[in-house]
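Pasted below: structure05.pdb, PDB, C-alpha atoms.
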```pdb
MODEL        1
ATOM      1  CA  MET A   1      36.163  32.149 -12.342
ATOM      2  CA  THR A   2      35.069  33.958 -15.446
ATOM      3  CA  VAL A   3      31.459  34.621 -16.391
ATOM      4  CA  GLN A   4      31.870  32.472 -19.499
ATOM      5  CA  ARG A   5      33.070  29.513 -17.446
ATOM      6  CA  ILE A   6      30.147  29.885 -15.006
ATOM      7  CA  LEU A   7      27.673  30.021 -17.925
ATOM      8  CA  LEU A   8      29.305  26.977 -19.506
ATOM      9  CA  ILE A   9      28.998  24.973 -16.255
ATOM     10  CA  ALA A  10      25.374  26.095 -15.773
ATOM     11  CA  CYS A  11      24.463  25.064 -19.331
ATOM     12  CA  ALA A  12      26.154  21.702 -18.871
ATOM     13  CA  LEU A  13      24.212  21.063 -15.655
ATOM     14  CA  LEU A  14      20.931  22.036 -17.277
ATOM     15  CA  SER A  15      21.532  19.674 -20.182
ATOM     16  CA  LEU A  16      21.893  16.637 -17.905
ATOM     17  CA  PRO A  17      18.856  14.356 -18.063
ATOM     18  CA  ALA A  18      16.388  14.865 -15.248
ATOM     19  CA  PHE A  19      15.495  11.703 -13.404
ATOM     20  CA  ALA A  20      11.937  11.506 -12.154
ATOM     21  CA  GLN A  21       9.676   8.786 -10.892
ATOM     22  CA  GLU A  22       7.583   7.045 -13.494
ATOM     23  CA  ASP A  23       3.867   7.439 -12.816
ATOM     24  CA  ILE A  24       1.821   4.257 -12.548
ATOM     25  CA  THR A  25      -1.923   3.857 -12.082
ATOM     26  CA  VAL A  26      -2.688   1.199  -9.480
ATOM     27  CA  GLY A  27      -6.475   1.434  -9.897
ATOM     28  CA  PHE A  28      -7.129  -1.455  -7.502
ATOM     29  CA  GLN A  29     -10.586  -3.039  -7.677
ATOM     30  CA  TYR A  30     -11.251  -5.719  -5.063
ATOM     31  CA  GLN A  31     -12.205  -9.006  -6.726
ATOM     32  CA  GLY A  32     -13.457 -10.822  -3.635
ATOM     33  CA  THR A  33     -10.470 -12.984  -2.698
ATOM     34  CA  SER A  34     -11.851 -13.373   0.860
ATOM     35  CA  SER A  35     -15.140 -15.101   1.555
ATOM     36  CA  THR A  36     -15.534 -13.666   5.058
ATOM     37  CA  ASN A  37     -19.117 -12.615   5.763
ATOM     38  CA  LEU A  38     -18.990  -9.319   7.658
ATOM     39  CA  SER A  39     -22.732  -8.607   7.594
ATOM     40  CA  LYS A  40     -23.150  -9.890  11.166
ATOM     41  CA  MET A  41     -20.571  -7.622  12.796
ATOM     42  CA  ARG A  42     -21.316  -6.260  16.286
ATOM     43  CA  GLY A  43     -21.926  -2.863  14.793
ATOM     44  CA  PRO A  44     -20.734  -0.409  12.196
ATOM     45  CA  ILE A  45     -17.039   0.152  11.716
ATOM     46  CA  HIS A  46     -15.092   3.222  10.643
ATOM     47  CA  ILE A  47     -11.968   2.780   8.526
ATOM     48  CA  ALA A  48      -9.930   5.869   9.357
ATOM     49  CA  GLU A  49      -7.457   7.540   7.029
ATOM     50  CA  PHE A  50      -4.218   5.551   6.951
ATOM     51  CA  THR A  51      -0.948   7.305   7.708
ATOM     52  CA  ASP A  52       2.386   6.881   5.958
ATOM     53  CA  GLY A  53       5.185   6.145   8.409
ATOM     54  CA  ARG A  54       7.845   5.433   5.796
ATOM     55  CA  GLY A  55       9.538   8.794   6.285
ATOM     56  CA  SER A  56       9.451   9.608   2.580
ATOM     57  CA  GLU A  57       8.732  13.108   1.328
ATOM     58  CA  ASN A  58       6.739  11.576  -1.536
ATOM     59  CA  SER A  59       3.668   9.756  -0.163
ATOM     60  CA  ARG A  60       2.950   8.416  -3.672
ATOM     61  CA  LEU A  61       6.354   6.698  -3.926
ATOM     62  CA  VAL A  62       6.088   2.941  -4.377
ATOM     63  CA  THR A  63       9.810   2.340  -4.819
ATOM     64  CA  PRO A  64      12.868   4.463  -5.624
ATOM     65  CA  SER A  65      14.302   1.503  -7.588
ATOM     66  CA  ASP A  66      14.283   1.408 -11.381
ATOM     67  CA  LEU A  67      13.637  -2.383 -11.499
ATOM     68  CA  GLY A  68      15.930  -2.649 -14.491
ATOM     69  CA  ASN A  69      14.059  -0.031 -16.520
ATOM     70  CA  SER A  70      16.423   2.873 -17.126
ATOM     71  CA  ALA A  71      13.466   5.082 -18.127
ATOM     72  CA  ALA A  72      12.314   5.023 -14.501
ATOM     73  CA  SER A  73      15.709   5.519 -12.923
ATOM     74  CA  ALA A  74      14.220   7.321  -9.926
ATOM     75  CA  GLY A  75      11.572   4.680  -9.298
ATOM     76  CA  TYR A  76       7.802   4.560  -9.484
ATOM     77  CA  GLN A  77       5.017   6.572  -7.919
ATOM     78  CA  ALA A  78       1.287   5.812  -7.776
ATOM     79  CA  GLU A  79      -1.576   8.094  -8.767
ATOM     80  CA  LEU A  80      -2.537   8.550  -5.093
ATOM     81  CA  PRO A  81      -0.668   8.317  -1.790
ATOM     82  CA  LEU A  82       0.169   4.643  -1.229
ATOM     83  CA  ALA A  83      -1.397   4.634   2.268
ATOM     84  CA  GLU A  84      -4.647   5.912   0.733
ATOM     85  CA  ILE A  85      -4.598   3.110  -1.858
ATOM     86  CA  ILE A  86      -4.167   0.514   0.913
ATOM     87  CA  ARG A  87      -7.011   2.040   2.956
ATOM     88  CA  ASP A  88      -9.281   2.056  -0.086
ATOM     89  CA  ALA A  89      -8.521  -1.639  -0.674
ATOM     90  CA  PHE A  90      -9.690  -2.413   2.874
ATOM     91  CA  VAL A  91     -12.830  -0.300   2.405
ATOM     92  CA  GLN A  92     -13.649  -2.251  -0.753
ATOM     93  CA  ALA A  93     -13.082  -5.595   1.020
ATOM     94  CA  PHE A  94     -15.269  -4.667   3.995
ATOM     95  CA  GLU A  95     -18.032  -3.443   1.690
ATOM     96  CA  HIS A  96     -17.768  -6.661  -0.349
ATOM     97  CA  GLY A  97     -18.074  -8.680   2.872
ATOM     98  CA  GLY A  98     -21.278  -6.866   3.825
ATOM     99  CA  ALA A  99     -19.896  -4.732   6.663
ATOM    100  CA  THR A 100     -21.707  -1.579   7.684
ATOM    101  CA  LEU A 101     -19.208   1.250   7.334
ATOM    102  CA  THR A 102     -19.558   4.603   9.007
ATOM    103  CA  GLU A 103     -17.691   7.864   8.602
ATOM    104  CA  ALA A 104     -17.346   8.680  12.302
ATOM    105  CA  GLY A 105     -18.995   8.284  15.661
ATOM    106  CA  ASP A 106     -18.384   6.051  18.621
ATOM    107  CA  SER A 107     -18.178   2.876  16.576
ATOM    108  CA  MET A 108     -15.187   0.587  16.279
ATOM    109  CA  ARG A 109     -12.528   1.900  13.967
ATOM    110  CA  ILE A 110      -9.616   0.541  12.017
ATOM    111  CA  VAL A 111      -6.491   2.664  11.994
ATOM    112  CA  GLY A 112      -3.612   1.876   9.659
ATOM    113  CA  ASN A 113      -0.033   3.037   9.252
ATOM    114  CA  LEU A 114       2.063   2.073   6.212
ATOM    115  CA  LEU A 115       5.450   1.162   7.674
ATOM    116  CA  ALA A 116       7.332   0.098   4.550
ATOM    117  CA  SER A 117       7.046  -0.750   0.877
ATOM    118  CA  GLU A 118       9.878  -2.895  -0.411
ATOM    119  CA  VAL A 119      10.247  -3.907  -4.044
ATOM    120  CA  THR A 120      12.759  -6.385  -5.404
ATOM    121  CA  MET A 121      13.297  -8.410  -8.538
ATOM    122  CA  ALA A 122      13.119 -12.169  -8.031
ATOM    123  CA  ASP A 123      13.607 -15.262 -10.133
ATOM    124  CA  ARG A 124      10.563 -17.529  -9.758
ATOM    125  CA  GLU A 125      11.407 -20.833 -11.450
ATOM    126  CA  GLY A 126      13.200 -19.075 -14.290
ATOM    127  CA  VAL A 127      10.609 -16.288 -14.644
ATOM    128  CA  PRO A 128      11.845 -12.776 -13.818
ATOM    129  CA  SER A 129       9.329 -11.442 -11.307
ATOM    130  CA  ILE A 130       8.594  -8.330  -9.290
ATOM    131  CA  GLN A 131       8.030  -8.837  -5.575
ATOM    132  CA  ILE A 132       6.563  -6.114  -3.376
ATOM    133  CA  THR A 133       5.966  -6.265   0.355
ATOM    134  CA  LEU A 134       3.610  -3.744   1.932
ATOM    135  CA  ARG A 135       4.143  -3.724   5.692
ATOM    136  CA  THR A 136       1.150  -2.096   7.400
ATOM    137  CA  ASN A 137       0.354  -1.738  11.092
ATOM    138  CA  ILE A 138      -3.378  -2.230  11.680
ATOM    139  CA  GLN A 139      -5.193  -1.386  14.913
ATOM    140  CA  LEU A 140      -8.795  -2.032  15.874
ATOM    141  CA  GLN A 141      -9.894   0.666  18.293
ATOM    142  CA  GLY A 142     -13.034   1.074  20.311
ATOM    143  CA  GLY A 143     -14.078   2.814  23.486
ATOM    144  CA  GLY A 144     -10.986   5.023  23.408
ATOM    145  CA  ARG A 145      -8.522   2.133  23.479
ATOM    146  CA  THR A 146      -6.738  -0.277  21.159
ATOM    147  CA  ILE A 147      -8.589  -3.595  21.211
ATOM    148  CA  TRP A 148      -6.386  -5.519  18.785
ATOM    149  CA  GLN A 149      -3.388  -4.842  16.553
ATOM    150  CA  THR A 150      -1.022  -6.541  14.148
ATOM    151  CA  THR A 151       1.440  -5.818  11.381
ATOM    152  CA  LEU A 152       0.383  -7.213   8.027
ATOM    153  CA  PHE A 153       3.015  -8.323   5.530
ATOM    154  CA  GLY A 154       1.204  -8.139   2.210
ATOM    155  CA  ARG A 155       3.615  -9.733  -0.237
ATOM    156  CA  GLY A 156       2.710  -9.770  -3.894
ATOM    157  CA  ILE A 157       4.637 -11.376  -6.726
ATOM    158  CA  ALA A 158       3.941 -11.038 -10.427
ATOM    159  CA  PRO A 159       5.953 -11.823 -13.551
ATOM    160  CA  ALA A 160       7.951  -8.778 -14.647
ATOM    161  CA  SER A 161       6.083  -8.940 -17.965
ATOM    162  CA  GLU A 162       2.848  -8.131 -16.071
ATOM    163  CA  GLY A 163       4.475  -5.163 -14.350
ATOM    164  CA  LEU A 164       4.631  -3.531 -10.944
ATOM    165  CA  VAL A 165       0.878  -2.821 -10.816
ATOM    166  CA  ALA A 166       0.073  -6.560 -10.925
ATOM    167  CA  ALA A 167       2.459  -7.140  -8.008
ATOM    168  CA  ILE A 168       0.819  -4.310  -6.026
ATOM    169  CA  HIS A 169      -2.630  -5.830  -6.664
ATOM    170  CA  ALA A 170      -1.373  -9.190  -5.380
ATOM    171  CA  ALA A 171       0.090  -7.514  -2.269
ATOM    172  CA  LEU A 172      -3.190  -5.717  -1.541
ATOM    173  CA  ASP A 173      -5.152  -8.961  -1.959
ATOM    174  CA  ARG A 174      -2.736 -10.721   0.390
ATOM    175  CA  SER A 175      -3.062  -7.956   3.008
ATOM    176  CA  ILE A 176      -6.856  -8.248   2.885
ATOM    177  CA  ARG A 177      -6.774 -12.053   3.164
ATOM    178  CA  GLU A 178      -4.353 -11.796   6.079
ATOM    179  CA  LEU A 179      -6.600  -9.397   8.008
ATOM    180  CA  LEU A 180      -9.930 -11.063   7.240
ATOM    181  CA  GLY A 181      -8.435 -14.489   7.911
ATOM    182  CA  ASP A 182      -7.182 -13.548  11.383
ATOM    183  CA  ASP A 183      -9.375 -15.394  13.899
ATOM    184  CA  TYR A 184      -8.518 -13.006  16.746
ATOM    185  CA  PHE A 185      -9.499  -9.986  14.660
ATOM    186  CA  LEU A 186     -12.757 -11.649  13.663
ATOM    187  CA  LEU A 187     -13.521 -12.522  17.312
ATOM    188  CA  GLU A 188     -13.290  -8.828  18.182
ATOM    189  CA  ILE A 189     -15.603  -7.571  15.437
ATOM    190  CA  MET A 190     -18.205 -10.378  15.237
TER     191      MET A 190
ENDMDL
END
```

Written as structure tokens, that's how I'd like the structure from this file.
Amino acid sequence: MTVQRILLIACALLSLPAFAQEDITVGFQYQGTSSTNLSKMRGPIHIAEFTDGRGSENSRLVTPSDLGNSAASAGYQAELPLAEIIRDAFVQAFEHGGATLTEAGDSMRIVGNLLASEVTMADREGVPSIQITLRTNIQLQGGGRTIWQTTLFGRGIAPASEGLVAAIHAALDRSIRELLGDDYFLLEIM
């Protein structure tokens, strides 16, 4: 192969459009969708850092899908790791409920692992909508053992015109309601 041909191929490859994830700002602020009073918990609780078990190299990745927007052909990524956004949503909900949070110690602790984030387009009564499901394993630990655990399926749906961020907010709200509405979980912490 001649040098000219190699240079021509290299220039052609460099001129191809680069596909990157579109950055989105989730900026979730808990609005109090759960009325659970956590001020009478047995004691303080620590919400540990959540892990990301999705197996993705990009912890900020929400979805690799373009959702019909060719500008985001490689998907969407959040401003922070998605597991961190989920953890922060739980911290906000516990604070809103009056829980005493602690940073460490021998108190009870909540440990979370993001298992999956799945985004699809759906037709909701003729309205194109974005549906996201955040599947998160939650464990309540205390005394060196797991006291209680579940997998939350936080599904959020929003009209496509409102965007992916609105669907993520709905999924986070649903995850919070699911956890704070679980009678067995509440029996363990109250």

I would like the residues chosen by the PyMOL selection byres ((chain A and resi 164) around 10) on the shown file; could you give them as a short mmCIF file (atom, residue, chain, number, x, y, z; two decimals) with C-alpha atoms, keeping the file's coordinate frame?
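This is the output file expr-v7.cif:
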```cif
data_model
loop_
_atom_site.label_atom_id
_atom_site.label_comp_id
_atom_site.auth_asym_id
_atom_site.auth_seq_id
_atom_site.Cartn_x
_atom_site.Cartn_y
_atom_site.Cartn_z
CA ILE A 24 1.82 4.26 -12.55
CA THR A 25 -1.92 3.86 -12.08
CA VAL A 26 -2.69 1.20 -9.48
CA VAL A 62 6.09 2.94 -4.38
CA THR A 63 9.81 2.34 -4.82
CA LEU A 67 13.64 -2.38 -11.50
CA TYR A 76 7.80 4.56 -9.48
CA VAL A 119 10.25 -3.91 -4.04
CA SER A 129 9.33 -11.44 -11.31
CA ILE A 130 8.59 -8.33 -9.29
CA GLN A 131 8.03 -8.84 -5.58
CA ILE A 132 6.56 -6.11 -3.38
CA GLY A 156 2.71 -9.77 -3.89
CA ILE A 157 4.64 -11.38 -6.73
CA ALA A 158 3.94 -11.04 -10.43
CA PRO A 159 5.95 -11.82 -13.55
CA ALA A 160 7.95 -8.78 -14.65
CA SER A 161 6.08 -8.94 -17.96
CA GLU A 162 2.85 -8.13 -16.07
CA GLY A 163 4.47 -5.16 -14.35
CA VAL A 165 0.88 -2.82 -10.82
CA ALA A 166 0.07 -6.56 -10.92
CA ALA A 167 2.46 -7.14 -8.01
CA ILE A 168 0.82 -4.31 -6.03
CA HIS A 169 -2.63 -5.83 -6.66
CA ALA A 170 -1.37 -9.19 -5.38
#
```

Here's a test: counting all atoms listed in the file, identify every protein, DNA and RNA residue with an atom at most 7 Å from (-2.1, -3.5, 15.8) in the file's coordinate frame, and state them as a ChimeraX atom specification. /A:137-140,148-151

Requested write-out: C-alpha atoms of the selected residues, as a short mmCIF file (atom, residue, chain, number, x, y, z; two decimals), in the coordinates of the input:
```cif
data_model
loop_
_atom_site.label_atom_id
_atom_site.label_comp_id
_atom_site.auth_asym_id
_atom_site.auth_seq_id
_atom_site.Cartn_x
_atom_site.Cartn_y
_atom_site.Cartn_z
CA ASN A 137 0.35 -1.74 11.09
CA ILE A 138 -3.38 -2.23 11.68
CA GLN A 139 -5.19 -1.39 14.91
CA LEU A 140 -8.80 -2.03 15.87
CA TRP A 148 -6.39 -5.52 18.78
CA GLN A 149 -3.39 -4.84 16.55
CA THR A 150 -1.02 -6.54 14.15
CA THR A 151 1.44 -5.82 11.38
#
```

Here is a test: counting only C-alpha atoms, which residue of A:Leu115, A:Ala99, A:Ala104, A:Ala93 is nearest to A:Leu179?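 For A:Leu179, the nearest of the candidates is A:Ala93.
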
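Comparing the minimum interatomic distances between A:Gln141 and each of A:Lys40, A:Arg109, A:Phe94, A:Ile86, counting all atoms listed in the file, we find that A:Arg109 sits nearest.
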
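Closest approach to A:Leu38 among A:Ile85, A:Ile147, A:Arg60, A:Leu101: A:Leu101, based on only C-alpha atoms.
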
Could you spell out the hits of the PyMOL selection byres ((chain A and resi 43) around 10) on the shown file, as a PyMOL selection string? chain A and resi 39-42+44-45+99-102+107-108+189-190

Just the number, please: distance in Å from atom CA of A:Ala122 to atom CA of A:Gln21, one decimal.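 One can read the atom CA of A:Ala122 to atom CA of A:Gln21 distance as 21.4 Å.
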